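Undergrad: So that we are looking at the same thing, I have put the structure below in structure tokens.
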Amino acid sequence: MFFFIISNGAIVLCFIPFLFLGWKKMRKIHTYWVLGIYWFLNGVDNLLEIYFSRSGESHVIRQLSFYYSLVEAPLVLLVFALARQGRERKGLLLILLLFMAGESILLHWSGNNFVTLILGSGLMIILLCSMIGLWQYLKKMEHTRFENSMVFVYASLLFSYGSMLIIYIFAHLHHNANANDSDSFLLYYLSLLLSAAITSAGLWSYGIRKSRQSSYSPSTGYSSSSS
């Protein structure tokens, strides 16, 4: 029962960031569009996994989940890039292109043999970028509303992918055939629920604060560079 509540609550919360795009002021920001799409696809992937993976279309569900796992890291990297300016944005876009090129080459040459390497590499890059984003936020004394909302995003992704790293280590490096996977699934959905909730709180705070202070420029957080 507890697992049912956590897993379903996590899936519902995954769709909230996408629903925030219905807020006119948030639709102007490209960063939030990509972030909303990322969480929407995350919600769809988990919804299909829980409710349809045991049906006759389980093979199709697994294929869709596989394709999502390949675009997950690039989507997050694109969020990070759009939230930056100047050289930092160009550097992140270069990392994104190199990562996608590496994915394509490994999949073309060896099929699914290097999927674990690809997913693990993407996970580590996201963790590193999240920590850098938090560190740069803490170094500044003053912040825009966009930066204040993005710190929620960095924190949520750091928590979510940090939990996934723990699951990754135990699943692929210390696998025990007799171990109960229910704890891993519970940890995954609990981290997903908290991550989606933290992200939603950040987006909500951006919209609320922006609407209450009309003197704030409507050109999106980092002026034109974040839109």
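Ligands are numbered from 1 in the order shown, chains are lettered A, B, ... in the order of the structure tokens, and residues start at 1 in each chain.
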Write out as a PyMOL selection string all residues of stretch 1-220 of chain A that backbone DSSP assigns to alpha helix (DSSP H).
TA: chain A and resi 2-14+16-19+24-27+30-51+58-82+86-110+115-139+145-172+182-212
Undergrad: Sort by chain and increasing residue number a table of all residues of stretch 120-155 of chain A within 12 Å of stretch 25-44 of chain A, each with its closest pair of atoms and their distance in Å to one decimal, counting only C-alpha atoms, and write it as a Markdown table.
TA:
```
| residue | atom | partner | partner_atom | distance |
| --- | --- | --- | --- | --- |
| A:Arg145 | CA | A:Met26 | CA | 11.8 |
| A:Phe146 | CA | A:Ile29 | CA | 9.5 |
| A:Glu147 | CA | A:Thr31 | CA | 11.6 |
| A:Ser149 | CA | A:Tyr32 | CA | 10.3 |
| A:Met150 | CA | A:Thr31 | CA | 9.5 |
| A:Val153 | CA | A:Leu35 | CA | 9.0 |
| A:Tyr154 | CA | A:Leu35 | CA | 11.5 |
```
Undergrad: Name the residues in contact with stretch 63-78 of chain A at a cut-off of 9 Å, using only C-alpha atoms, excluding same-chain residues fewer than 5 positions from it; report them as a PyMOL selection string.
TA: chain A and resi 31+34-35+37-38+41-42+45-46+48-49+58+83+92-93+95-97+99-100+103+115+118-119+122-123+125-126+129+157
Undergrad: Please report as a Markdown table every residue of stretch 9-51 of chain A lying within 8 Å of stretch 187-198 of chain A, along with the nearest atom pair and their distance in Å (one decimal), using only C-alpha atoms.
TA:
```
| residue | atom | partner | partner_atom | distance |
| --- | --- | --- | --- | --- |
| A:Gly9 | CA | A:Leu193 | CA | 6.6 |
| A:Ala10 | CA | A:Leu193 | CA | 4.0 |
| A:Ile11 | CA | A:Leu193 | CA | 7.4 |
| A:Leu13 | CA | A:Ala196 | CA | 5.7 |
| A:Cys14 | CA | A:Ala196 | CA | 5.5 |
| A:Ile16 | CA | A:Ala196 | CA | 7.9 |
| A:Pro17 | CA | A:Ala196 | CA | 7.8 |
| A:Trp39 | CA | A:Ala196 | CA | 7.8 |
```
Undergrad: Would you mind exporting C-alpha atoms of the selected residues as a PDB file, in the first residue's frame?
TA:
```pdb
ATOM      1  CA  GLY A   9       2.134  10.170  -6.156  1.00  0.00           C
ATOM      2  CA  ALA A  10       5.499  10.407  -7.906  1.00  0.00           C
ATOM      3  CA  ILE A  11       3.924   9.853 -11.324  1.00  0.00           C
ATOM      4  CA  LEU A  13       3.878  15.040  -9.593  1.00  0.00           C
ATOM      5  CA  CYS A  14       5.940  14.351 -12.720  1.00  0.00           C
ATOM      6  CA  ILE A  16       3.042  19.183 -12.664  1.00  0.00           C
ATOM      7  CA  PRO A  17       6.074  20.999 -14.196  1.00  0.00           C
ATOM      8  CA  TRP A  39       9.214  15.706 -16.594  1.00  0.00           C
TER       9      TRP A  39
END
```
Undergrad: In Å, rounded to a single decimal, give me how far atom CA of A:Phe159 is from atom CA of A:Glu142.
TA: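 Straight-line distance from atom CA of A:Glu142 to atom CA of A:Phe159 works out to 24.4 Å.
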Undergrad: To one decimal in Å, tell me the separation between atom CA of A:Asn8 and atom CA of A:Tyr51.
TA: 10.3 Å
Undergrad: Within 8 Å of A:Phe152, counting only C-alpha atoms, which residues qualify if same-chain residues fewer than 3 places away don't, as a count of residues only?
TA: 8
Undergrad: Any idea what the distance is between atom CA of A:Gln85 and atom CA of A:Ile132?
TA: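 Interatomic distance here is 14.3 Å.
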Undergrad: With only C-alpha atoms as the basis for distance, which of A:Gly207, A:Gly120, A:Ile50, A:Leu21 is at the shortest distance from A:Phe4?
TA: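 Checking each candidate against A:Phe4, we get A:Ile50 as the closest.
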Undergrad: With distances taken over only C-alpha atoms, which residue among A:Ser182, A:Arg84, A:Val60, A:Trp23 lies nearest A:Gln136?
TA: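 So, comparing all the options, the nearest one is A:Arg84.
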